[in-house]
file run-v9.cif (mmCIF, C-alpha atoms)
data_input
loop_
_atom_site.label_atom_id
_atom_site.label_comp_id
_atom_site.auth_asym_id
_atom_site.auth_seq_id
_atom_site.Cartn_x
_atom_site.Cartn_y
_atom_site.Cartn_z
CA MET A 714 98.16 54.42 73.13
CA ASN A 715 98.82 50.69 73.62
CA ALA A 716 99.19 48.88 76.89
CA ASN A 717 102.96 48.65 76.73
CA ALA A 718 103.40 52.35 76.30
CA ALA A 719 101.07 52.97 79.24
CA ASP A 720 103.11 50.58 81.36
CA ALA A 721 106.30 52.30 80.36
CA ASP A 722 104.73 55.63 81.26
CA ALA A 723 103.60 54.35 84.62
CA ARG A 724 107.22 53.89 85.53
CA GLY A 725 109.95 56.41 85.78
CA PHE A 726 110.34 60.14 86.14
CA ASP A 727 109.73 62.99 83.76
CA ILE A 728 110.67 66.22 85.45
CA ASP A 729 111.41 69.45 83.69
CA ILE A 730 110.99 72.53 85.85
CA GLU A 731 112.36 75.88 86.78
CA LEU A 732 112.39 77.09 90.37
CA ARG A 733 112.75 80.66 91.47
CA ARG A 734 112.82 82.10 94.94
CA GLY A 735 114.35 85.52 95.34
CA SER A 736 117.78 85.39 93.75
CA PHE A 737 117.71 81.59 93.76
CA ARG A 738 117.02 80.29 90.25
CA ARG A 739 117.55 76.72 89.08
CA ALA A 740 116.33 74.57 86.22
CA PHE A 741 116.08 70.81 86.52
CA ALA A 742 115.51 68.23 83.81
CA ILE A 743 115.38 64.59 84.86
CA ARG A 744 114.10 61.81 82.64
CA SER A 745 114.61 58.27 83.70
CA GLN A 746 112.99 54.89 83.42
CA ALA A 747 114.85 53.61 86.45
CA ARG A 748 112.83 52.80 89.58
CA VAL A 749 115.36 54.26 91.98
CA ILE A 750 117.34 57.29 91.00
CA ALA A 751 119.83 59.36 92.92
CA VAL A 752 120.24 63.09 92.64
CA VAL A 753 123.68 64.33 93.59
CA GLY A 754 125.20 67.77 93.59
CA ASP A 755 126.96 70.27 95.78
CA SER A 756 125.14 71.95 98.62
CA GLY A 757 123.29 74.95 97.25
CA ALA A 758 122.63 73.18 93.96
CA GLY A 759 118.95 73.05 94.88
CA LYS A 760 118.55 69.33 95.55
CA THR A 761 116.16 69.92 98.44
CA SER A 762 114.23 72.51 96.43
CA LEU A 763 113.76 69.90 93.72
CA LEU A 764 112.28 67.45 96.22
CA HIS A 765 110.07 70.20 97.66
CA ALA A 766 108.74 70.91 94.17
CA ILE A 767 107.96 67.23 93.60
CA ALA A 768 106.22 67.03 96.98
CA GLY A 769 104.16 70.15 96.27
CA LEU A 770 105.80 72.30 98.94
CA LEU A 771 107.36 74.69 96.40
CA ARG A 772 105.67 75.78 93.17
CA PRO A 773 107.82 75.80 90.03
CA THR A 774 107.62 78.86 87.80
CA ARG A 775 107.36 76.68 84.72
CA GLY A 776 107.50 73.09 83.52
CA ARG A 777 105.95 69.79 84.54
CA ILE A 778 106.42 66.95 86.99
CA VAL A 779 105.29 63.46 85.99
CA VAL A 780 106.04 60.62 88.37
CA ALA A 781 105.03 56.99 87.87
CA GLY A 782 102.55 57.96 85.19
CA GLU A 783 100.83 60.64 87.27
CA THR A 784 101.06 64.32 86.39
CA LEU A 785 101.61 66.16 89.66
CA PHE A 786 102.32 69.52 88.13
CA ASP A 787 101.97 70.98 84.68
CA ARG A 788 102.11 74.71 84.34
CA GLU A 789 100.68 74.79 80.83
CA ARG A 790 97.80 72.46 81.60
CA ARG A 791 97.23 74.24 84.90
CA ILE A 792 97.69 71.09 86.95
CA ASP A 793 99.03 71.60 90.45
CA LEU A 794 98.01 68.91 92.93
CA PRO A 795 98.17 70.12 96.54
CA ALA A 796 100.83 68.44 98.66
CA HIS A 797 98.37 66.39 100.68
CA ARG A 798 96.92 64.77 97.55
CA ARG A 799 100.20 63.87 95.86
CA ARG A 800 100.76 60.72 97.90
CA ILE A 801 104.46 61.34 98.20
CA GLY A 802 106.40 59.78 101.02
CA TYR A 803 108.97 62.36 101.98
CA VAL A 804 111.75 61.50 104.41
CA PHE A 805 113.26 64.80 105.41
CA GLN A 806 116.88 65.36 106.23
CA ASP A 807 115.92 66.36 109.77
CA ALA A 808 113.25 63.64 110.18
CA ARG A 809 110.61 66.15 111.35
CA LEU A 810 108.88 63.78 113.74
CA PHE A 811 105.93 65.35 115.54
CA PRO A 812 107.17 66.24 119.03
CA HIS A 813 103.69 66.08 120.58
CA LEU A 814 103.10 62.49 119.48
CA ASP A 815 104.77 59.27 120.53
CA VAL A 816 106.48 56.99 118.04
CA ARG A 817 103.36 54.92 117.44
CA ALA A 818 101.20 57.98 116.70
CA ASN A 819 103.93 59.37 114.44
CA LEU A 820 104.00 56.14 112.46
CA LEU A 821 100.24 56.06 112.11
CA TYR A 822 99.76 59.75 111.30
CA GLY A 823 99.51 59.31 107.54
CA LEU A 824 97.59 56.04 107.63
CA ARG A 825 94.32 57.74 108.50
CA GLY A 826 94.22 59.76 105.31
CA ALA A 827 95.00 56.81 103.03
CA ALA A 828 92.10 55.02 101.36
CA ALA A 829 91.75 51.31 102.18
CA ARG A 830 92.18 50.17 98.59
CA GLU A 831 95.50 51.98 98.36
CA ARG A 832 96.88 50.18 101.36
CA ARG A 833 100.08 48.39 100.49
CA PHE A 834 101.95 48.68 103.74
CA GLU A 835 100.62 47.42 107.06
CA PRO A 836 101.84 48.82 110.39
CA ALA A 837 102.97 45.44 111.73
CA ASP A 838 105.07 44.76 108.64
CA ILE A 839 106.66 48.19 108.61
CA VAL A 840 107.45 48.06 112.32
CA GLU A 841 109.22 44.75 111.74
CA LEU A 842 110.96 45.87 108.56
CA LEU A 843 112.45 48.88 110.30
CA GLY A 844 113.00 47.30 113.69
CA VAL A 845 111.16 49.98 115.66
CA GLY A 846 108.88 47.71 117.71
CA HIS A 847 110.65 48.50 120.99
CA LEU A 848 110.24 52.25 120.42
CA LEU A 849 106.48 52.43 119.85
CA ALA A 850 105.45 53.78 123.25
CA ARG A 851 108.33 56.25 123.49
CA GLY A 852 108.33 59.96 122.82
CA THR A 853 110.42 61.30 119.99
CA ALA A 854 112.79 63.35 122.16
CA GLY A 855 114.97 60.48 123.38
CA LEU A 856 115.49 58.77 120.03
CA SER A 857 118.91 58.53 118.41
CA GLY A 858 119.38 60.02 114.95
CA GLY A 859 119.17 56.63 113.30
CA GLU A 860 116.02 55.71 115.19
CA MET A 861 114.42 59.02 114.21
CA GLN A 862 115.13 58.40 110.55
CA ARG A 863 113.73 54.88 110.76
CA VAL A 864 110.52 56.18 112.34
CA ALA A 865 110.34 58.91 109.68
CA LEU A 866 110.81 56.26 106.99
CA GLY A 867 108.07 54.10 108.50
CA ARG A 868 105.76 57.08 108.84
CA ALA A 869 106.28 57.93 105.16
CA LEU A 870 105.66 54.32 104.04
CA LEU A 871 102.50 53.99 106.12
CA SER A 872 101.00 57.03 104.42
CA GLN A 873 100.79 54.59 101.46
CA PRO A 874 102.77 56.72 99.02
CA ARG A 875 103.23 56.14 95.31
CA ILE A 876 106.83 57.25 95.49
CA LEU A 877 109.43 57.85 98.17
CA LEU A 878 111.64 60.94 98.38
CA LEU A 879 114.70 60.71 100.59
CA ASP A 880 116.64 63.86 101.37
CA GLU A 881 120.08 62.91 102.64
CA PRO A 882 118.66 60.62 105.32
CA LEU A 883 122.15 59.76 106.54
CA SER A 884 123.63 63.23 106.67
CA MET A 885 122.73 63.91 110.31
CA LEU A 886 124.29 60.65 111.46
CA ASP A 887 127.84 59.81 112.40
CA MET A 888 129.74 57.07 110.55
CA ASN A 889 128.62 54.12 112.71
CA ARG A 890 124.99 55.15 112.63
CA ARG A 891 125.19 55.46 108.87
CA ASP A 892 126.29 51.87 108.50
CA GLU A 893 123.43 50.94 110.81
CA LEU A 894 120.75 52.74 108.79
CA LEU A 895 121.93 51.88 105.27
CA PRO A 896 120.78 48.22 105.40
CA TYR A 897 117.31 49.42 106.39
CA LEU A 898 117.23 51.74 103.39
CA GLN A 899 118.26 48.87 101.14
CA ARG A 900 115.52 46.68 102.60
CA VAL A 901 112.93 49.41 102.00
CA ARG A 902 114.23 49.76 98.47
CA GLU A 903 113.85 46.02 97.82
CA GLU A 904 110.67 45.22 99.71
CA SER A 905 108.58 48.31 99.04
CA GLY A 906 108.99 48.19 95.28
CA LEU A 907 108.34 51.95 95.26
CA PRO A 908 109.95 54.44 92.91
CA MET A 909 112.48 56.42 94.90
CA ILE A 910 114.45 59.61 94.51
CA TYR A 911 117.46 59.61 96.74
CA VAL A 912 119.29 62.87 97.32
CA SER A 913 122.82 62.72 98.63
CA HIS A 914 126.29 64.03 98.23
CA TYR A 915 128.05 60.82 99.23
CA PRO A 916 128.89 58.82 96.06
CA GLU A 917 129.45 55.62 98.03
CA GLU A 918 125.98 55.77 99.61
CA VAL A 919 124.43 56.52 96.23
CA ARG A 920 126.09 53.54 94.55
CA ARG A 921 124.55 51.17 97.07
CA ILE A 922 121.02 52.52 96.60
CA ALA A 923 120.37 53.90 93.13
CA GLU A 924 120.32 52.52 89.60
CA ASP A 925 120.62 55.87 87.88
CA VAL A 926 122.50 58.92 89.06
CA HIS A 927 121.67 62.49 88.09
CA ARG A 928 123.97 65.33 88.87
CA VAL A 929 122.42 68.74 89.41
CA GLY A 930 123.98 72.18 89.79
CA GLY A 931 126.31 71.82 86.82
CA SER A 932 129.55 72.27 88.74
CA GLU A 933 132.33 70.09 87.34
CA GLU A 934 134.54 68.07 89.59
CA MET B 83 77.67 95.42 156.03
CA SER B 84 74.43 93.51 156.49
CA SER B 85 74.86 90.21 154.64
CA GLY B 86 77.34 88.97 152.06
CA PHE B 87 80.42 86.86 152.22
CA ALA B 88 83.89 87.43 153.64
CA GLY B 89 83.19 91.07 154.32
CA PHE B 90 81.82 91.84 150.86
CA SER B 91 78.34 93.31 150.50
CA ASP B 92 75.77 91.67 148.23
CA ALA B 93 76.16 94.46 145.68
CA GLU B 94 79.91 93.96 145.63
CA LEU B 95 79.59 90.21 145.22
CA THR B 96 77.12 90.76 142.40
CA ALA B 97 79.58 93.05 140.65
CA ILE B 98 82.43 90.53 141.05
CA ALA B 99 80.29 87.65 139.77
CA LEU B 100 79.03 89.73 136.87
CA SER B 101 82.59 90.71 135.97
CA LEU B 102 83.64 87.07 135.89
CA LYS B 103 80.63 86.17 133.76
CA VAL B 104 81.22 89.05 131.33
CA ALA B 105 84.92 88.28 131.02
CA ALA B 106 84.31 84.55 130.51
CA ALA B 107 81.72 85.19 127.80
CA ALA B 108 83.96 87.77 126.12
CA THR B 109 86.90 85.35 126.10
CA ALA B 110 84.93 82.32 124.92
CA CYS B 111 83.24 84.20 122.08
CA SER B 112 86.37 85.92 120.81
CA LEU B 113 88.62 82.84 121.01
CA PRO B 114 87.59 81.36 117.61
CA PHE B 115 88.13 84.76 115.98
CA GLY B 116 91.42 85.19 117.80
CA VAL B 117 92.64 81.81 116.54
CA ALA B 118 91.55 82.59 112.98
CA VAL B 119 93.13 86.05 112.91
CA GLY B 120 96.27 84.87 114.74
CA TRP B 121 96.74 82.05 112.25
CA LEU B 122 96.13 84.32 109.25
CA LEU B 123 98.67 86.86 110.48
CA ALA B 124 101.21 84.19 111.44
CA ARG B 125 101.01 81.98 108.37
CA LYS B 126 99.49 83.79 105.41
CA ARG B 127 100.48 86.62 103.17
CA PHE B 128 97.53 88.43 101.66
CA PRO B 129 96.66 91.88 100.34
CA GLY B 130 95.52 94.14 103.14
CA LYS B 131 97.42 92.24 105.84
CA LEU B 132 98.84 95.48 107.21
CA LEU B 133 95.32 96.89 107.39
CA VAL B 134 94.02 93.87 109.30
CA ASP B 135 97.01 94.15 111.62
CA THR B 136 96.30 97.84 112.22
CA LEU B 137 92.56 97.41 112.75
CA MET B 138 93.22 94.62 115.22
CA TYR B 139 95.51 96.79 117.34
CA LEU B 140 93.28 99.86 117.13
CA PRO B 141 91.25 99.16 120.32
CA LEU B 142 94.54 99.02 122.22
CA VAL B 143 95.39 102.66 121.47
CA LEU B 144 92.01 104.24 120.76
CA PRO B 145 90.49 106.09 123.73
CA PRO B 146 88.13 103.46 125.20
CA VAL B 147 85.33 106.03 125.24
CA VAL B 148 85.62 106.23 121.45
CA THR B 149 85.39 102.45 121.13
CA GLY B 150 82.34 102.51 123.39
CA TYR B 151 80.79 105.28 121.33
CA ALA B 152 81.44 103.36 118.11
CA LEU B 153 79.74 100.32 119.66
CA LEU B 154 76.80 102.48 120.63
CA LEU B 155 76.51 103.71 117.03
CA GLY B 156 76.82 100.22 115.56
CA PHE B 157 75.28 97.91 118.13
CA GLY B 158 72.91 100.25 119.99
CA THR B 159 69.13 99.87 119.67
CA GLN B 160 69.19 102.34 116.75
CA GLY B 161 72.48 101.13 115.29
CA PRO B 162 72.31 99.16 112.02
CA ILE B 163 73.94 95.99 113.40
CA GLY B 164 72.16 96.22 116.74
CA ARG B 165 68.75 96.58 115.08
CA PHE B 166 69.45 93.72 112.65
CA LEU B 167 70.55 91.37 115.44
CA SER B 168 67.60 92.18 117.71
CA GLU B 169 65.03 91.87 114.88
CA HIS B 170 66.33 88.62 113.41
CA PHE B 171 67.99 86.83 116.29
CA GLY B 172 66.63 88.53 119.38
CA ILE B 173 70.15 89.39 120.47
CA VAL B 174 70.28 92.72 122.30
CA PHE B 175 73.50 94.36 123.42
CA ALA B 176 72.39 97.80 124.51
CA PHE B 177 72.35 98.18 128.30
CA ARG B 178 72.66 94.42 128.81
CA TRP B 179 75.46 92.34 130.24
CA THR B 180 75.94 90.96 126.71
CA GLY B 181 76.89 94.47 125.64
CA ALA B 182 79.47 94.60 128.41
CA ALA B 183 80.83 91.27 127.13
CA LEU B 184 80.99 92.63 123.58
CA ALA B 185 82.85 95.76 124.67
CA SER B 186 85.28 93.71 126.78
CA ALA B 187 85.82 91.23 123.95
CA ILE B 188 86.78 93.99 121.56
CA MET B 189 89.13 95.57 124.09
CA GLY B 190 90.73 92.23 124.93
CA PHE B 191 90.96 90.99 121.36
CA PRO B 192 94.27 92.64 120.39
CA LEU B 193 96.05 91.04 123.35
CA MET B 194 94.56 87.65 122.61
CA ALA B 195 95.18 87.68 118.86
CA ARG B 196 98.75 88.88 119.38
CA ALA B 197 99.57 86.10 121.83
CA ILE B 198 97.99 83.50 119.55
CA ARG B 199 99.85 84.84 116.55
CA LEU B 200 103.17 84.62 118.37
CA SER B 201 102.46 81.10 119.58
CA ILE B 202 101.58 79.93 116.06
CA GLU B 203 104.68 81.62 114.67
CA ALA B 204 106.70 79.62 117.20
CA VAL B 205 105.45 76.34 115.70
CA ASP B 206 107.98 75.00 113.19
CA PRO B 207 106.32 75.27 109.74
CA ARG B 208 108.47 72.35 108.61
CA LEU B 209 106.35 70.08 110.79
CA GLU B 210 103.25 71.35 109.00
CA GLN B 211 104.93 70.60 105.67
CA ALA B 212 105.70 67.09 106.86
CA ALA B 213 102.05 66.60 107.84
CA SER B 214 100.83 67.72 104.44
CA THR B 215 103.14 65.29 102.63
CA LEU B 216 101.60 62.58 104.83
CA GLY B 217 98.22 63.34 103.28
CA ALA B 218 96.79 65.68 105.91
CA ASN B 219 94.61 68.42 104.43
CA PRO B 220 95.05 71.96 105.76
CA TRP B 221 92.36 71.46 108.44
CA ARG B 222 93.98 68.33 109.75
CA VAL B 223 97.39 69.99 109.69
CA PHE B 224 95.99 72.82 111.77
CA PHE B 225 94.06 70.73 114.30
CA GLY B 226 96.54 67.85 114.39
CA VAL B 227 99.87 69.68 114.42
CA THR B 228 99.67 73.48 114.69
CA LEU B 229 97.05 73.71 117.42
CA PRO B 230 98.44 71.01 119.74
CA LEU B 231 101.90 72.59 119.54
CA ALA B 232 100.61 76.14 120.01
CA TRP B 233 98.03 75.50 122.71
CA PRO B 234 99.91 76.90 125.71
CA GLY B 235 100.30 80.19 123.86
CA LEU B 236 96.69 80.00 122.82
CA LEU B 237 95.61 79.56 126.39
CA ALA B 238 97.91 82.40 127.43
CA GLY B 239 96.15 84.63 124.91
CA ALA B 240 92.78 83.61 126.27
CA VAL B 241 93.86 84.32 129.84
CA LEU B 242 95.19 87.75 128.86
CA CYS B 243 91.92 88.54 127.11
CA PHE B 244 90.05 87.40 130.21
CA ALA B 245 92.17 89.66 132.40
CA LYS B 246 91.71 92.64 130.12
CA ALA B 247 87.96 91.99 129.91
CA LEU B 248 87.78 91.78 133.69
CA GLY B 249 89.20 95.24 134.08
CA GLU B 250 87.56 96.92 131.09
CA PHE B 251 85.89 100.17 132.05
CA GLY B 252 85.78 102.99 129.50
CA ALA B 253 84.21 101.27 126.52
CA THR B 254 81.85 99.28 128.71
CA ILE B 255 80.43 102.19 130.69
CA THR B 256 80.09 104.27 127.52
CA PHE B 257 78.26 101.51 125.69
CA VAL B 258 76.07 99.89 128.35
CA SER B 259 76.21 102.35 131.24
CA ASN B 260 76.46 101.30 134.89
CA ILE B 261 73.35 99.35 135.87
CA ALA B 262 73.65 97.36 139.08
CA GLY B 263 73.15 93.65 138.50
CA GLU B 264 73.14 94.00 134.71
CA THR B 265 76.13 95.96 133.51
CA GLN B 266 77.83 97.05 136.72
CA THR B 267 81.14 95.22 136.57
CA LEU B 268 83.95 95.38 139.08
CA SER B 269 85.43 98.49 137.47
CA SER B 270 82.13 100.32 137.17
CA ALA B 271 81.31 99.38 140.78
CA ILE B 272 84.62 100.83 141.97
CA TRP B 273 84.01 103.98 139.99
CA GLY B 274 80.44 104.20 141.35
CA LEU B 275 81.65 103.79 144.92
CA MET B 276 84.23 106.51 144.41
CA GLN B 277 81.40 108.91 143.61
CA THR B 278 79.69 107.93 146.87
CA PRO B 279 80.86 109.75 150.02
CA GLY B 280 82.01 107.41 152.80
CA ALA B 281 82.47 104.31 150.63
CA GLU B 282 86.28 104.33 150.70
CA SER B 283 86.54 100.93 152.34
CA GLY B 284 84.43 99.40 149.59
CA VAL B 285 86.62 100.98 146.94
CA LEU B 286 89.72 99.55 148.57
CA ARG B 287 88.24 96.06 148.92
CA LEU B 288 87.16 95.89 145.29
CA ALA B 289 90.42 97.41 144.10
CA LEU B 290 92.32 94.67 145.93
CA VAL B 291 90.10 92.07 144.28
CA ALA B 292 90.91 93.60 140.88
CA VAL B 293 94.64 93.53 141.63
CA ALA B 294 94.50 89.90 142.74
CA LEU B 295 92.52 88.74 139.69
CA SER B 296 94.73 90.65 137.24
CA PHE B 297 97.91 89.40 138.88
CA ALA B 298 96.74 85.80 138.73
CA ALA B 299 95.73 86.11 135.08
CA VAL B 300 98.97 87.69 133.87
CA PHE B 301 101.01 85.26 135.96
CA ALA B 302 99.17 82.30 134.44
CA SER B 303 99.60 83.71 130.96
CA GLU B 304 103.37 84.18 131.34
CA TRP B 305 103.72 80.73 132.84
CA LEU B 306 101.94 79.21 129.84
CA VAL B 307 104.14 81.07 127.37
CA GLN B 308 107.28 79.81 129.10
CA ARG B 309 105.83 76.33 129.05
CA GLN B 310 105.35 76.46 125.30
CA ARG B 311 108.88 77.80 124.80
CA ALA B 312 110.30 74.91 126.81
CA GLY B 313 108.11 72.52 124.82
CA THR B 314 109.14 73.71 121.37
CA GLN B 315 112.82 73.69 122.25
CA ARG B 316 112.58 70.05 123.17
#
call {"tool": "encode", "arguments": {"input": "run-v9.cif", "output": "structure tokens"}}
result
Amino acid sequence: MNANAADADARGFDIDIELRRGSFRRAFAIRSQARVIAVVGDSGAGKTSLLHAIAGLLRPTRGRIVVAGETLFDRERRIDLPAHRRRIGYVFQDARLFPHLDVRANLLYGLRGAAARERRFEPADIVELLGVGHLLARGTAGLSGGEMQRVALGRALLSQPRILLLDEPLSMLDMNRRDELLPYLQRVREESGLPMIYVSHYPEEVRRIAEDVHRVGGSEE
Amino acid sequence: MSSGFAGFSDAELTAIALSLKVAAAATACSLPFGVAVGWLLARKRFPGKLLVDTLMYLPLVLPPVVTGYALLLGFGTQGPIGRFLSEHFGIVFAFRWTGAALASAIMGFPLMARAIRLSIEAVDPRLEQAASTLGANPWRVFFGVTLPLAWPGLLAGAVLCFAKALGEFGATITFVSNIAGETQTLSSAIWGLMQTPGAESGVLRLALVAVALSFAAVFASEWLVQRQRAGTQR
């Protein structure tokens, strides 16, 4: 394999899996060379389940997951990296900040596990990028929805991920807050240089973030 | 009453102190097991889970005298475990206060493990998922997220176990008898005094002590559970 092919492999997504949980059964096939892709689809199409499978929180019944040249899961080759070794930055729909830690400790939670040589993002830079400097000493309870998502985004970036997964980060916010958070997402997209999968059901939001849009669930509109 | 303190005789004070020591040792030693079993039952699915669940609750419903007898068979000087421990580690349970602690620990364990299980179940597993995506291995998830969020319930379980251990009677007296200064706990002392003509006032005094200690323990435990509930609801 020559260097160019390896470079091409190191980019992009190659996902072909089937998920089953009770009566829930979905197959996903996503191949893309784009750095930032969006996954759209109706609720119940399994968008969150797809992200869970990529993050290692849900085990597919068959298939493989290759992201940025790294095989995270391959049923046939018996590869299944545990979630904590996948180096995936996952921004959940509901932020999931740790209620027993203040904002600073939330941001730094994933930094401890990351090896020094993998460090691409420094706390000071991330705090500035996301404008959360004035929140550092606060608890998580009093934060607005937009602030929570920014802290969650910073926490994910500081865990030094190879790829960022965003699960409808704007869905819990009202219209004004959305317009407030979107520029931050665009800045992260530009300045992090990370591959991203952005899940949403708002076409307008998707257009401003992603290069390549994949529809899942198969329902025609 | 010759000497003593606050109207208690020396023998009574010895029994109270011994009870506290036995209950503290029982609680401290069973806490790691309680956390492990509580976590397993709250978070894991495994073959034989129902069996573990059943075995754990058994001391709660078994006649205490049967539990004490089983301990005598297993941990007595002639019992297989008891002989092994005394030969290799010099640990003796039979007719020692350590035996009283063992009996109390086993009787208190179901209450402790149940409280810990409930408190771990109350921790949002989605936070644990978030921690693992941030690179935390299962140990760090447990000690960094699960445990800090579940600790009031954990403490409540420990307090309940302590209270149960404090009042344990049947299994203890069957296993280690009623030796003043060694295995005569508060309950055995009360029972002993009841066999003694003219000791009614002593019985009443010690009974009141038992009521006060138990009340305080259960009160503290309930308070801690409510505290955790308020904490997780944010």
call {"tool": "atom_distance", "arguments": {"input": "run-v9.cif", "atom1": "CA of Phe301 in chain B", "atom2": "CA of Phe191 in chain B"}}
result
18.6 Å
call {"tool": "closest_residue", "arguments": {"input": "run-v9.cif", "among": "A:Ile792, A:Leu907, A:Ala747, A:Ile801", "to": "Leu770 in chain A", "atoms": "only C-alpha atoms"}}
result
A:Ile801
call {"tool": "atom_distance", "arguments": {"input": "run-v9.cif", "atom1": "CA of Leu898 in chain A", "atom2": "CA of Val840 in chain A"}}
result
13.7 Å
call {"tool": "resolve_selection", "arguments": {"input": "run-v9.cif", "expression": "the PyMOL selection byres ((chain A) within 10 of (chain B))", "output": "ChimeraX atom specification"}}
result
/A:765,768-770,795-805,807-814,819,821-827,853-855,865,868-874
call {"tool": "resolve_selection", "arguments": {"input": "run-v9.cif", "expression": "the PyMOL selection byres ((chain B and resi 177) around 6)", "output": "list in words"}}
result
Ala176, Arg178 and Val258 of chain B
call {"tool": "residues_around", "arguments": {"input": "run-v9.cif", "residues": "range 134-149 of chain B", "least_positions_apart": "2", "cutoff": "12 Å", "atoms": "all atoms listed in the file", "output": "number ranges by chain"}}
result
B: 115-116, 119-120, 122-124, 127-132, 151-157, 184-196, 199, 243, 246, 250-259
call {"tool": "closest_residue", "arguments": {"input": "run-v9.cif", "among": "B:Val307, B:Leu236, B:Leu248, B:Leu286", "to": "Ala106 in chain B", "atoms": "only C-alpha atoms"}}
result
B:Leu248
call {"tool": "atom_distance", "arguments": {"input": "run-v9.cif", "atom1": "CA of Leu133 in chain B", "atom2": "CA of Ala204 in chain B"}}
result
22.9 Å
call {"tool": "resolve_selection", "arguments": {"input": "run-v9.cif", "expression": "the PyMOL selection byres ((chain A and resi 815) around 6)", "output": "PDB file with C-alpha atoms, keeping the file's coordinate frame"}}
result
ATOM      1  CA  LEU A 814     103.100  62.490 119.480  1.00  0.00           C
ATOM      2  CA  VAL A 816     106.480  56.990 118.040  1.00  0.00           C
ATOM      3  CA  ARG A 817     103.360  54.920 117.440  1.00  0.00           C
ATOM      4  CA  ALA A 818     101.200  57.980 116.700  1.00  0.00           C
ATOM      5  CA  ARG A 851     108.330  56.250 123.490  1.00  0.00           C
ATOM      6  CA  GLY A 852     108.330  59.960 122.820  1.00  0.00           C
TER       7      GLY A 852
END
call {"tool": "closest_residue", "arguments": {"input": "run-v9.cif", "among": "A:Arg777, A:Arg875, A:Arg921, A:Arg900", "to": "Arg832 in chain A", "atoms": "only C-alpha atoms"}}
result
A:Arg875
call {"tool": "closest_residue", "arguments": {"input": "run-v9.cif", "among": "A:Asp787, A:Glu881, A:Glu831, A:Asp892", "to": "Ser756 in chain A", "atoms": "all atoms listed in the file"}}
result
A:Glu881
call {"tool": "build_atoms", "arguments": {"input": "run-v9.cif", "residues": "range 191-204 of chain B", "atoms": "N, CA and C atoms", "output": "tab-separated table (two decimals), in the frame of the given file"}}
result
chain	number	residue	atom	x	y	z
B	191	PHE	N	90.59	91.71	122.57
B	191	PHE	CA	90.96	90.99	121.36
B	191	PHE	C	92.40	91.20	120.89
B	192	PRO	N	92.90	92.46	120.87
B	192	PRO	CA	94.27	92.64	120.39
B	192	PRO	C	95.28	91.81	121.19
B	193	LEU	N	95.11	91.79	122.51
B	193	LEU	CA	96.05	91.04	123.35
B	193	LEU	C	95.98	89.56	123.04
B	194	MET	N	94.74	89.07	122.88
B	194	MET	CA	94.56	87.65	122.61
B	194	MET	C	95.13	87.28	121.25
B	195	ALA	N	94.75	88.03	120.22
B	195	ALA	CA	95.18	87.68	118.86
B	195	ALA	C	96.70	87.78	118.74
B	196	ARG	N	97.30	88.74	119.44
B	196	ARG	CA	98.75	88.88	119.38
B	196	ARG	C	99.44	87.67	120.00
B	197	ALA	N	98.96	87.26	121.17
B	197	ALA	CA	99.57	86.10	121.83
B	197	ALA	C	99.40	84.84	120.97
B	198	ILE	N	98.23	84.69	120.37
B	198	ILE	CA	97.99	83.50	119.55
B	198	ILE	C	98.87	83.53	118.31
B	199	ARG	N	98.99	84.72	117.72
B	199	ARG	CA	99.85	84.84	116.55
B	199	ARG	C	101.29	84.44	116.87
B	200	LEU	N	101.80	84.95	117.99
B	200	LEU	CA	103.17	84.62	118.37
B	200	LEU	C	103.33	83.13	118.62
B	201	SER	N	102.32	82.52	119.26
B	201	SER	CA	102.46	81.10	119.58
B	201	SER	C	102.39	80.25	118.31
B	202	ILE	N	101.63	80.69	117.32
B	202	ILE	CA	101.58	79.93	116.06
B	202	ILE	C	102.87	80.14	115.28
B	203	GLU	N	103.40	81.37	115.34
B	203	GLU	CA	104.68	81.62	114.67
B	203	GLU	C	105.80	80.77	115.26
B	204	ALA	N	105.66	80.42	116.54
B	204	ALA	CA	106.70	79.62	117.20
B	204	ALA	C	106.63	78.14	116.79
